[in-house]
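Next up, work09.cif (mmCIF, C-alpha atoms):
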data_coords
loop_
_atom_site.label_atom_id
_atom_site.label_comp_id
_atom_site.auth_asym_id
_atom_site.auth_seq_id
_atom_site.Cartn_x
_atom_site.Cartn_y
_atom_site.Cartn_z
CA MET A 1209 61.77 -93.85 -17.68
CA ALA A 1210 58.89 -94.05 -15.24
CA ARG A 1211 59.52 -90.51 -13.91
CA ASN A 1212 59.46 -89.02 -17.36
CA ARG A 1213 56.13 -90.64 -18.02
CA TRP A 1214 54.64 -89.09 -14.89
CA ASP A 1215 56.11 -85.75 -15.84
CA ARG A 1216 54.39 -85.88 -19.17
CA GLU A 1217 51.12 -86.81 -17.52
CA ASP A 1218 51.38 -83.88 -14.99
CA ALA A 1219 52.24 -81.24 -17.62
CA PRO A 1220 48.66 -80.64 -18.89
CA GLU A 1221 47.42 -80.09 -15.33
CA LYS A 1222 50.14 -77.50 -14.69
CA HIS A 1223 49.20 -75.61 -17.85
CA ILE A 1224 45.54 -75.58 -16.85
CA GLY A 1225 46.37 -74.20 -13.40
CA LEU A 1226 48.57 -71.48 -14.86
CA LEU A 1227 45.84 -70.50 -17.30
CA GLN A 1228 43.29 -70.18 -14.51
CA LEU A 1229 45.71 -68.01 -12.53
CA VAL A 1230 46.21 -65.69 -15.51
CA GLN A 1231 42.43 -65.41 -15.99
CA MET A 1232 41.91 -64.50 -12.33
CA LEU A 1233 44.65 -61.88 -12.49
CA SER A 1234 43.08 -60.40 -15.67
CA LEU A 1235 39.68 -60.15 -14.04
CA LEU A 1236 41.23 -58.50 -10.99
CA VAL A 1237 43.03 -55.94 -13.18
CA ILE A 1238 39.81 -55.18 -15.07
CA PHE A 1239 37.91 -54.81 -11.80
CA VAL A 1240 40.47 -52.42 -10.30
CA ALA A 1241 40.60 -50.41 -13.54
CA GLY A 1242 36.82 -50.11 -13.47
CA ILE A 1243 36.92 -48.74 -9.95
CA ILE A 1244 39.59 -46.20 -10.88
CA ILE A 1245 37.67 -45.06 -13.98
CA GLY A 1246 34.44 -44.79 -11.96
CA ILE A 1247 36.05 -42.64 -9.31
CA ALA A 1248 37.60 -40.38 -11.95
CA THR A 1249 34.39 -39.83 -13.88
CA SER A 1250 31.86 -39.56 -11.00
CA PRO A 1251 32.12 -35.70 -10.61
CA HIS A 1252 31.31 -35.22 -14.28
CA ILE A 1253 28.34 -37.55 -13.98
CA ASN A 1254 27.06 -35.66 -10.91
CA ARG A 1255 27.39 -32.35 -12.69
CA TYR A 1256 25.52 -33.73 -15.64
CA PHE A 1257 22.59 -34.95 -13.60
CA ASP A 1258 22.56 -31.77 -11.51
CA SER A 1259 22.37 -29.71 -14.67
CA LEU A 1260 19.67 -31.94 -16.05
CA ALA A 1261 17.63 -31.65 -12.84
CA GLN A 1262 18.03 -27.87 -12.77
CA LEU A 1263 16.96 -27.58 -16.39
CA THR A 1264 13.92 -29.78 -15.76
CA PHE A 1265 12.95 -27.78 -12.65
CA THR A 1266 13.32 -24.46 -14.45
CA ASN A 1267 11.22 -25.57 -17.37
CA ASN A 1268 8.48 -27.08 -15.24
CA ILE A 1269 8.26 -24.43 -12.52
CA ALA A 1270 9.80 -21.10 -13.48
CA SER A 1271 8.63 -21.00 -17.07
CA PRO A 1272 4.87 -20.87 -17.64
CA LYS A 1273 3.49 -23.38 -20.14
CA ILE A 1274 1.37 -22.21 -23.02
CA SER A 1275 -0.84 -24.88 -24.49
CA ASP A 1276 -1.24 -24.67 -28.26
CA ASP A 1277 -3.51 -27.45 -29.50
CA ASN A 1278 -1.34 -30.56 -29.44
CA CYS A 1279 1.94 -28.99 -28.37
CA THR A 1280 3.24 -27.22 -25.29
CA ILE A 1281 5.44 -24.14 -25.66
CA LEU A 1282 7.73 -23.11 -22.84
CA ARG A 1283 8.03 -19.33 -22.49
CA THR A 1284 11.16 -17.96 -20.85
CA CYS A 1285 10.39 -15.76 -17.83
CA GLU A 1286 11.91 -12.31 -17.68
CA LYS A 1287 14.28 -11.73 -14.82
CA VAL A 1288 12.80 -9.46 -12.16
CA ASP A 1289 15.07 -7.66 -9.71
CA CYS A 1290 12.99 -7.71 -6.53
CA LEU A 1291 15.55 -5.59 -4.72
CA SER A 1292 15.82 -2.81 -7.28
CA MET A 1293 15.72 0.75 -5.95
CA GLU A 1294 12.92 1.73 -8.32
CA GLY A 1295 10.70 -1.14 -7.23
CA PHE A 1296 11.32 -0.38 -3.57
CA VAL A 1297 10.69 3.36 -3.56
CA HIS A 1298 7.98 3.44 -6.27
CA PRO A 1299 5.94 0.21 -6.19
CA ASP A 1300 3.79 0.11 -9.32
CA ASN A 1301 1.50 -2.77 -8.43
CA LEU A 1302 -0.89 -2.09 -5.55
CA THR A 1303 -2.03 -5.71 -5.48
CA HIS A 1304 -0.05 -7.54 -2.83
CA SER A 1305 -0.58 -10.35 -0.34
CA MET A 1306 0.62 -8.52 2.77
CA THR A 1307 -1.60 -8.59 5.84
CA ASP A 1308 -2.58 -5.37 7.61
CA ASP A 1309 0.12 -5.92 10.23
CA GLU A 1310 2.73 -6.53 7.54
CA VAL A 1311 1.91 -3.48 5.43
CA LEU A 1312 1.66 -1.25 8.52
CA TRP A 1313 5.04 -2.51 9.69
CA ARG A 1314 6.68 -1.87 6.34
CA ALA A 1315 5.07 1.57 6.06
CA SER A 1316 6.36 2.53 9.51
CA MET A 1317 9.97 2.48 8.30
CA LEU A 1318 11.45 5.97 8.51
CA PRO A 1319 14.93 6.44 6.99
CA TYR A 1320 17.36 8.37 9.18
CA LYS A 1321 19.78 9.15 6.40
CA LYS A 1322 19.22 12.65 5.10
CA GLY A 1323 18.33 13.10 1.46
CA TYR A 1324 17.30 10.53 -1.12
CA PRO A 1325 19.46 8.43 -3.47
CA PHE A 1326 17.13 9.28 -6.36
CA ASP A 1327 15.60 12.37 -7.94
CA ARG A 1328 12.58 12.83 -5.69
CA VAL A 1329 9.64 14.92 -6.86
CA PRO A 1330 7.24 15.24 -3.88
CA LYS A 1331 3.74 14.01 -4.66
CA VAL A 1332 0.30 14.37 -3.11
CA ALA A 1333 -1.42 11.06 -2.33
CA PHE A 1334 -5.18 11.26 -2.95
CA MET A 1335 -6.80 8.53 -0.87
CA PHE A 1336 -10.43 7.71 -1.68
CA LEU A 1337 -12.40 5.89 1.03
CA THR A 1338 -15.54 4.74 -0.78
CA ARG A 1339 -18.46 2.36 -0.41
CA GLY A 1340 -18.35 1.25 -4.04
CA PRO A 1341 -18.24 3.17 -7.32
CA LEU A 1342 -16.89 6.68 -7.87
CA PRO A 1343 -19.81 8.57 -9.44
CA LEU A 1344 -17.79 11.79 -9.75
CA LEU A 1345 -14.87 10.02 -11.43
CA PRO A 1346 -14.94 12.10 -14.68
CA LEU A 1347 -14.57 15.30 -12.64
CA TRP A 1348 -11.50 13.95 -10.86
CA GLU A 1349 -10.01 12.65 -14.11
CA ARG A 1350 -10.27 16.13 -15.56
CA PHE A 1351 -8.72 17.57 -12.39
CA PHE A 1352 -5.67 15.24 -12.63
CA LYS A 1353 -5.19 15.52 -16.41
CA GLY A 1354 -1.77 16.80 -17.41
CA HIS A 1355 -0.19 16.45 -13.96
CA ALA A 1356 1.23 12.92 -13.99
CA GLY A 1357 4.20 12.54 -11.70
CA TYR A 1358 2.86 14.96 -9.09
CA PHE A 1359 0.14 12.80 -7.55
CA SER A 1360 -0.73 9.24 -6.58
CA ILE A 1361 -4.20 7.72 -6.24
CA TYR A 1362 -5.33 5.04 -3.78
CA VAL A 1363 -8.87 3.65 -3.57
CA HIS A 1364 -10.31 1.65 -0.66
CA THR A 1365 -13.71 0.14 -1.32
CA HIS A 1366 -15.68 -3.02 -0.58
CA GLU A 1367 -13.44 -6.05 -0.51
CA ASP A 1368 -15.08 -7.75 -3.51
CA TYR A 1369 -15.82 -4.62 -5.54
CA GLU A 1370 -14.05 -4.36 -8.90
CA LEU A 1371 -13.04 -0.84 -9.88
CA ASN A 1372 -13.71 -0.91 -13.63
CA VAL A 1373 -12.17 2.11 -15.35
CA SER A 1374 -10.46 2.59 -18.70
CA THR A 1375 -6.78 1.75 -18.91
CA ASP A 1376 -5.88 5.38 -19.60
CA SER A 1377 -7.62 6.59 -16.43
CA PRO A 1378 -5.35 7.68 -13.52
CA PHE A 1379 -7.61 5.46 -11.35
CA HIS A 1380 -6.75 2.31 -13.32
CA GLY A 1381 -5.20 -0.33 -11.07
CA ARG A 1382 -5.28 1.95 -8.02
CA LYS A 1383 -7.48 -0.10 -5.71
CA ILE A 1384 -5.57 -1.31 -2.66
CA PRO A 1385 -6.29 -4.61 -0.85
CA SER A 1386 -9.46 -3.61 1.01
CA LYS A 1387 -11.79 -4.90 3.70
CA ASP A 1388 -15.43 -4.14 4.33
CA VAL A 1389 -16.06 -1.16 6.61
CA GLU A 1390 -18.83 -0.80 9.19
CA TRP A 1391 -19.92 2.78 9.75
CA GLY A 1392 -19.19 4.09 13.24
CA SER A 1393 -16.78 1.27 14.14
CA ILE A 1394 -13.01 1.00 14.44
CA SER A 1395 -13.00 -0.58 10.97
CA MET A 1396 -13.33 2.96 9.59
CA VAL A 1397 -10.03 3.91 11.23
CA ASP A 1398 -8.52 0.63 10.03
CA ALA A 1399 -9.43 1.57 6.45
CA GLU A 1400 -7.83 5.01 6.87
CA LYS A 1401 -4.62 3.48 8.22
CA ARG A 1402 -4.69 0.90 5.42
CA LEU A 1403 -4.81 3.70 2.86
CA LEU A 1404 -2.00 5.59 4.60
CA ALA A 1405 0.18 2.48 4.82
CA ASN A 1406 -0.16 1.64 1.14
CA ALA A 1407 0.48 5.25 0.14
CA LEU A 1408 3.57 5.42 2.36
CA LEU A 1409 5.17 2.60 0.38
CA ASP A 1410 5.84 5.19 -2.33
CA PHE A 1411 8.66 7.29 -0.91
CA SER A 1412 7.78 10.23 -3.18
CA ASN A 1413 4.40 10.74 -1.52
CA GLU A 1414 4.81 13.73 0.81
CA ARG A 1415 1.22 14.80 1.56
CA PHE A 1416 -1.80 12.57 2.17
CA VAL A 1417 -5.41 13.70 1.77
CA LEU A 1418 -8.43 11.56 2.64
CA LEU A 1419 -11.50 11.92 0.40
CA SER A 1420 -14.84 10.20 -0.14
CA GLU A 1421 -16.78 9.40 -3.30
CA SER A 1422 -18.89 12.52 -2.66
CA CYS A 1423 -15.92 14.94 -2.50
CA ILE A 1424 -14.99 17.42 -5.25
CA PRO A 1425 -11.99 19.70 -5.84
CA ILE A 1426 -12.85 23.41 -5.88
CA TYR A 1427 -9.51 24.65 -7.25
CA LYS A 1428 -7.32 23.48 -10.10
CA PHE A 1429 -4.57 20.97 -9.45
CA SER A 1430 -1.63 23.40 -9.48
CA ILE A 1431 -3.16 25.51 -6.70
CA VAL A 1432 -3.98 22.46 -4.57
CA TYR A 1433 -0.50 20.98 -5.10
CA LYS A 1434 1.42 24.13 -4.18
CA TYR A 1435 -0.84 24.82 -1.20
CA LEU A 1436 -0.19 21.39 0.32
CA ILE A 1437 3.43 20.75 -0.68
CA ARG A 1438 4.55 24.14 0.61
CA SER A 1439 2.61 23.86 3.85
CA LYS A 1440 4.54 23.52 7.11
CA GLU A 1441 1.52 22.09 8.93
CA SER A 1442 -1.01 19.31 8.51
CA PHE A 1443 -4.73 19.94 8.30
CA VAL A 1444 -6.65 17.89 10.84
CA GLU A 1445 -9.65 19.35 12.61
CA SER A 1446 -9.08 18.85 16.33
CA TYR A 1447 -11.06 20.70 18.98
CA ASP A 1448 -12.47 20.32 22.47
CA ALA A 1449 -16.27 19.99 22.36
CA PRO A 1450 -17.80 20.35 25.87
CA THR A 1451 -21.04 18.62 24.81
CA ARG A 1452 -22.44 15.11 24.85
CA TYR A 1453 -21.23 14.77 21.25
CA GLY A 1454 -17.66 15.60 22.30
CA ARG A 1455 -16.60 15.10 25.90
CA GLY A 1456 -19.72 13.01 26.42
CA ARG A 1457 -18.19 10.27 24.28
CA TYR A 1458 -15.10 9.97 26.45
CA ASN A 1459 -14.78 6.71 28.38
CA GLN A 1460 -13.00 6.83 31.75
CA LYS A 1461 -11.71 3.32 31.12
CA MET A 1462 -9.19 4.97 28.81
CA LEU A 1463 -7.36 6.20 31.91
CA PRO A 1464 -4.49 6.51 32.64
CA ASP A 1465 -3.40 6.61 29.01
CA ILE A 1466 -5.94 9.17 27.76
CA HIS A 1467 -7.34 11.91 30.01
CA LEU A 1468 -10.48 13.93 29.41
CA TYR A 1469 -8.50 17.14 28.89
CA GLN A 1470 -6.66 15.43 26.01
CA TRP A 1471 -9.86 14.22 24.33
CA ARG A 1472 -10.58 15.84 20.95
CA LYS A 1473 -13.14 15.69 18.16
CA GLY A 1474 -12.83 16.56 14.47
CA SER A 1475 -13.75 15.87 10.89
CA GLN A 1476 -12.75 12.50 9.50
CA TRP A 1477 -11.48 14.07 6.26
CA PHE A 1478 -7.90 14.97 7.02
CA GLU A 1479 -4.75 16.03 5.19
CA ILE A 1480 -1.36 15.25 6.76
CA GLN A 1481 2.33 15.33 5.99
CA ARG A 1482 4.52 12.26 5.64
CA ASP A 1483 6.05 12.26 9.13
CA LEU A 1484 2.63 12.32 10.78
CA ALA A 1485 1.41 9.55 8.50
CA VAL A 1486 4.31 7.37 9.65
CA TYR A 1487 3.49 8.07 13.29
CA LEU A 1488 -0.15 7.13 12.76
CA VAL A 1489 0.49 3.81 11.03
CA SER A 1490 3.07 2.96 13.71
CA ASP A 1491 0.65 3.40 16.59
CA THR A 1492 -0.75 0.24 18.16
CA LYS A 1493 -1.28 1.24 21.79
CA TYR A 1494 -3.88 3.99 21.33
CA HIS A 1495 -5.58 2.25 18.42
CA THR A 1496 -6.17 -0.70 20.75
CA ILE A 1497 -7.62 1.59 23.44
CA PHE A 1498 -10.06 3.13 20.98
CA LYS A 1499 -11.01 -0.29 19.67
CA LYS A 1500 -11.94 -1.41 23.20
CA TYR A 1501 -13.55 1.71 24.65
CA CYS A 1502 -14.78 3.93 21.79
CA ARG A 1503 -17.94 2.32 20.50
CA PRO A 1504 -21.28 3.83 19.45
CA ALA A 1505 -22.25 6.42 20.49
CA CYS A 1506 -18.51 7.07 20.39
CA TYR A 1507 -17.20 7.08 16.83
CA PRO A 1508 -13.46 6.40 16.43
CA ASP A 1509 -13.17 8.13 13.05
CA GLU A 1510 -14.15 11.42 14.71
CA HIS A 1511 -11.88 11.10 17.75
CA TYR A 1512 -8.88 8.80 17.26
CA ILE A 1513 -6.69 10.93 14.95
CA PRO A 1514 -7.70 14.32 16.48
CA THR A 1515 -6.94 13.02 19.98
CA TYR A 1516 -3.69 11.26 19.03
CA LEU A 1517 -2.29 14.31 17.24
CA ASN A 1518 -3.35 16.60 20.08
CA MET A 1519 -1.50 14.42 22.57
CA PHE A 1520 1.77 14.01 20.66
CA HIS A 1521 2.06 16.21 17.57
CA GLY A 1522 -0.16 19.23 18.12
CA SER A 1523 2.53 21.68 17.01
CA LEU A 1524 2.50 20.15 13.51
CA ASN A 1525 -1.25 20.57 13.07
CA ALA A 1526 -3.20 23.62 11.87
CA ASN A 1527 -6.29 22.38 13.75
CA ARG A 1528 -8.55 22.89 10.74
CA THR A 1529 -9.69 20.90 7.72
CA VAL A 1530 -9.26 21.79 4.05
CA THR A 1531 -12.48 19.96 3.09
CA TRP A 1532 -15.63 22.07 3.35
CA VAL A 1533 -18.91 20.54 4.47
CA ASP A 1534 -22.17 22.21 5.39
CA TRP A 1535 -22.94 21.84 9.10
CA SER A 1536 -25.21 24.88 9.17
CA THR A 1537 -28.18 22.70 10.03
CA VAL A 1538 -28.41 20.59 13.17
CA ALA A 1539 -28.57 17.01 11.90
CA PRO A 1540 -26.68 13.71 12.28
CA HIS A 1541 -25.31 14.11 8.76
CA PRO A 1542 -24.58 17.11 6.52
CA PRO A 1543 -26.84 17.74 3.49
CA THR A 1544 -26.09 16.28 0.07
CA TYR A 1545 -26.14 18.61 -2.95
CA ASP A 1546 -27.87 17.54 -6.15
CA GLY A 1547 -27.55 18.81 -9.69
CA ILE A 1548 -30.12 21.57 -9.21
CA ASP A 1549 -28.01 23.03 -6.38
CA ILE A 1550 -24.88 23.47 -8.48
CA THR A 1551 -24.40 27.04 -9.68
CA GLU A 1552 -21.45 29.31 -10.28
CA GLY A 1553 -22.35 31.37 -7.24
CA PHE A 1554 -22.59 28.29 -5.03
CA ILE A 1555 -19.08 27.07 -5.92
CA LYS A 1556 -17.66 30.57 -5.46
CA SER A 1557 -19.33 30.85 -2.05
CA ILE A 1558 -17.54 27.67 -0.93
CA ARG A 1559 -14.19 28.97 -2.14
CA ASN A 1560 -14.59 32.27 -0.35
CA LYS A 1561 -16.59 32.09 2.85
CA GLY A 1562 -15.75 35.67 3.77
CA LYS A 1563 -13.22 34.72 6.40
CA LEU A 1564 -9.48 34.30 6.62
CA CYS A 1565 -7.36 31.44 7.92
CA SER A 1566 -3.69 30.92 8.67
CA HIS A 1567 -1.38 29.23 6.18
CA ASN A 1568 2.35 29.14 7.01
CA SER A 1569 1.81 31.89 9.60
CA GLU A 1570 0.17 34.19 7.04
CA MET A 1571 -3.51 34.97 6.64
CA THR A 1572 -5.23 33.84 3.45
CA SER A 1573 -8.74 33.60 2.05
CA VAL A 1574 -8.00 30.14 0.57
CA CYS A 1575 -9.09 27.94 3.43
CA TYR A 1576 -10.77 25.04 1.62
CA LEU A 1577 -9.45 22.99 -1.30
CA PHE A 1578 -12.19 20.34 -1.44
CA ALA A 1579 -15.89 20.11 -0.62
CA ARG A 1580 -18.56 17.50 0.10
CA LYS A 1581 -21.24 16.02 -0.08
CA PHE A 1582 -22.24 15.93 -3.75
CA ALA A 1583 -24.68 13.48 -5.33
CA PRO A 1584 -24.06 11.72 -8.69
CA SER A 1585 -26.60 14.08 -10.29
CA ALA A 1586 -24.20 16.96 -9.62
CA LEU A 1587 -21.59 15.59 -12.04
CA VAL A 1588 -22.73 17.24 -15.30
CA PRO A 1589 -23.34 20.71 -13.78
CA LEU A 1590 -19.93 20.50 -12.10
CA LEU A 1591 -18.21 19.55 -15.35
CA ASN A 1592 -19.80 22.60 -16.97
CA LEU A 1593 -18.20 24.83 -14.34
CA THR A 1594 -14.67 23.42 -14.24
CA SER A 1595 -13.19 25.74 -16.86
CA THR A 1596 -15.04 28.92 -15.86
CA VAL A 1597 -15.00 28.65 -12.05
CA MET A 1598 -12.61 25.96 -10.86
CA GLY A 1599 -9.97 26.54 -13.49
CA PHE A 1600 -9.45 23.06 -14.94
#
Written as structure tokens, that's how I'd like the structure from this file.
Amino acid sequence: MARNRWDREDAPEKHIGLLQLVQMLSLLVIFVAGIIIGIATSPHINRYFDSLAQLTFTNNIASPKISDDNCTILRTCEKVDCLSMEGFVHPDNLTHSMTDDEVLWRASMLPYKKGYPFDRVPKVAFMFLTRGPLPLLPLWERFFKGHAGYFSIYVHTHEDYELNVSTDSPFHGRKIPSKDVEWGSISMVDAEKRLLANALLDFSNERFVLLSESCIPIYKFSIVYKYLIRSKESFVESYDAPTRYGRGRYNQKMLPDIHLYQWRKGSQWFEIQRDLAVYLVSDTKYHTIFKKYCRPACYPDEHYIPTYLNMFHGSLNANRTVTWVDWSTVAPHPPTYDGIDITEGFIKSIRNKGKLCSHNSEMTSVCYLFARKFAPSALVPLLNLTSTVMGF
């Protein structure tokens, strides 16, 4: 009887202990189940937050925000293929952030594969090296009219100068990243090479002509285009001048790289073919020599290109210029022609100087395609002669 009483007294304690054990096992099962569920769902959670982060980044960075009073509208950016063939061979936007070294390096690329993987129409690159505005702009606009696709325009001017022209002008948006130029210094050559480098980025440009704001065309576009595109030679004036204005500017410190017998002088206003343009923008060695040793009264723009071509590519050069300028008077600079000087006879006299020159091994009376120097006052008289004399 006593044992049964103790058994009855111990029974509640056993039930309590069993209940606690069941509760602990339940909690353990729930805990393990939670771990298993967490492991199974974690990849989905990561993908969700990754997608959310990507969406937030795209909206905040890639898509520009347009503020409209109290709301912000997110505009979807158009996809731009930076590696497209069209964008590579025909860059439309001349505004870029490349340094001189970078653009010269890119322009120096010369494909070895023959032919082009696109329909290439060779173009003439007209490169204007100016000090500011283009006072003869309407004359050039008339010259280019109706010939889109056969020419490219590049303008180098003061670094901060804004070239304001109408949107339908062929000069619109054609200013390249420029730097200020000091007359008579190597910066003049730097500007020429900067123009060449930017023009070389367009693989359709085959001929490159350097012009100033005081230059004019003296023939219509079709004649100029055929004359240059069909030419086997470039047109850079390069001659030996045994005077103090020629050999007298040579510096013996250029030895042993440049000898006196290689030294040449010529007009700054050149016209060259694509291969020569690539060679020029690729040169660093001789540009550095001229920068160090050709200083006033030595002028790099009159000696660097004539000497370089004479040393390495003389067979590709006609040794004459296609830009006429009046050096009939002995003076530091050629005369400038005003409006009162412009007559039909004057323009015809420039076009036919009574002498012949060689073009593709044949003699021709068409020796000059452009002329300088013309003042802004010459614009209206020149426009009056375009249809009757110059043919455009």
Item to check | Distance query range 1533-1544 of chain A at most 7 Å, only C-alpha atoms, self and fewer than 4 positions along chain excluded, as a PyMOL selection string | outcome: chain A and resi 1579-1583
**Asked** range 1343-1359 of chain A: which residues within 8 Å, counting all atoms listed in the file, same-chain residues fewer than 4 positions away excluded, as number ranges by chain?
**Response** A: 1329-1334, 1377-1378, 1413, 1421-1422, 1424-1425, 1428-1429, 1433, 1584, 1587, 1590-1591, 1600
### Task
Would you write out, as a ChimeraX atom specification, every residue that the PyMOL selection byres ((chain A and resi 1311) around 12) captures in this file?
/A:1302-1310,1312-1317,1384-1385,1401-1409,1486,1489-1490
(request) Between A:Met1598, A:Val1417, A:Val1297, A:Val1373, single out the one closest to Phe1336 in chain A, counting all atoms listed in the file. (result)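 Ranking A:Met1598, A:Val1417, A:Val1297, A:Val1373 by distance to Phe1336 in chain A, first place goes to A:Val1417.
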Result set, the PyMOL selection byres ((chain A and resi 1515) around 9) on current file, as a list in words |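 Selection result, ordered by chain and number: Ser1446, Tyr1447, Ile1466, Gln1470, Trp1471, Arg1472, Lys1473, Gly1474, His1511, Tyr1512, Ile1513, Pro1514, Tyr1516, Leu1517, Asn1518, Met1519 and Phe1520 of chain A.
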Check: So how far away is CA of Ile1361 in chain A from CA of Glu1479 in chain A, in Å?
Finding: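 Atom-to-atom, CA of Glu1479 in chain A to CA of Ile1361 in chain A, that is 14.1 Å.
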Worksheet entry | Distance criterion (all atoms listed in the file): nearest to Ser1523 in chain A out of A:Arg1482, A:Ile1550, A:Thr1572, A:Lys1440 |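 Between A:Arg1482, A:Ile1550, A:Thr1572, A:Lys1440, the residue approaching Ser1523 in chain A most closely is A:Lys1440.
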Note to self: Need to verify the contact set: Tyr1362 in chain A, 6 Å, only C-alpha atoms, exclusion of same-chain residues closer than 6 positions in sequence. Can you return it as a ChimeraX atom specification?
What the structure shows: /A:1335,1382-1383
ask   = Excluding same-chain residues fewer than 4 positions from Ser1395 in chain A, what lies within 12 Å of it counting all atoms listed in the file, as a VMD selection string?
value = chain A and resid 1308 1337 1386 to 1391 1399 to 1402 1495 to 1496 1498 to 1499 1502 to 1503 1507 to 1509
Discussion item. Rounded to one decimal, what separation in Å do you get between CA of Ala1485 in chain A and CA of Ser1442 in chain A?
Written reply: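 Interatomic distance, CA of Ala1485 in chain A to CA of Ser1442 in chain A: 10.1 Å.
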- Mind pulling up the distance from CA of Ile1497 in chain A to CA of Pro1450 in chain A?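 Atom-to-atom, CA of Pro1450 in chain A to CA of Ile1497 in chain A, that is 21.5 Å.
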Exercise for review: Find the residue from A:His1298, A:Asp1483, A:Asp1398, A:Thr1492 that sits nearest to Ser1412 in chain A; use only C-alpha atoms when measuring.
Suggested key: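 The answer is A:His1298, which sits nearest to Ser1412 in chain A.
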query: Which of these, A:Phe1296, A:Tyr1427, A:Phe1411, A:Trp1477, has the shortest distance to Lys1556 in chain A once you count only C-alpha atoms?
result: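 Using only C-alpha atoms, Lys1556 in chain A sits closest to A:Tyr1427.
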If you count all atoms listed in the file, the residue of A:Ala1526, A:Val1363, A:Asp1546, A:Val1574 closest to Ile1558 in chain A turns out to be A:Val1574
Per-axis box centre and lengths in Å around range 1364-1381 of chain A, 5 Å margin per side, axis-aligned, as JSON:
{"center_x": -10.5, "center_y": 0.0, "center_z": -10.1, "size_x": 20.6, "size_y": 25.4, "size_z": 29.1}
- Which is closest to Ile1394 in chain A among A:Ser1569, A:Leu1524, A:Tyr1494, A:Asp1410, if we use all atoms listed in the file?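 Ranking A:Ser1569, A:Leu1524, A:Tyr1494, A:Asp1410 by distance to Ile1394 in chain A, first place goes to A:Tyr1494.
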Checklist entry - Do you know which residues are at most 8 Å from Ser1475 in chain A counting all atoms listed in the file, after dropping those on the same chain fewer than 5 positions away, and could you put them as a ChimeraX atom specification? => result /A:1444-1446,1510,1529
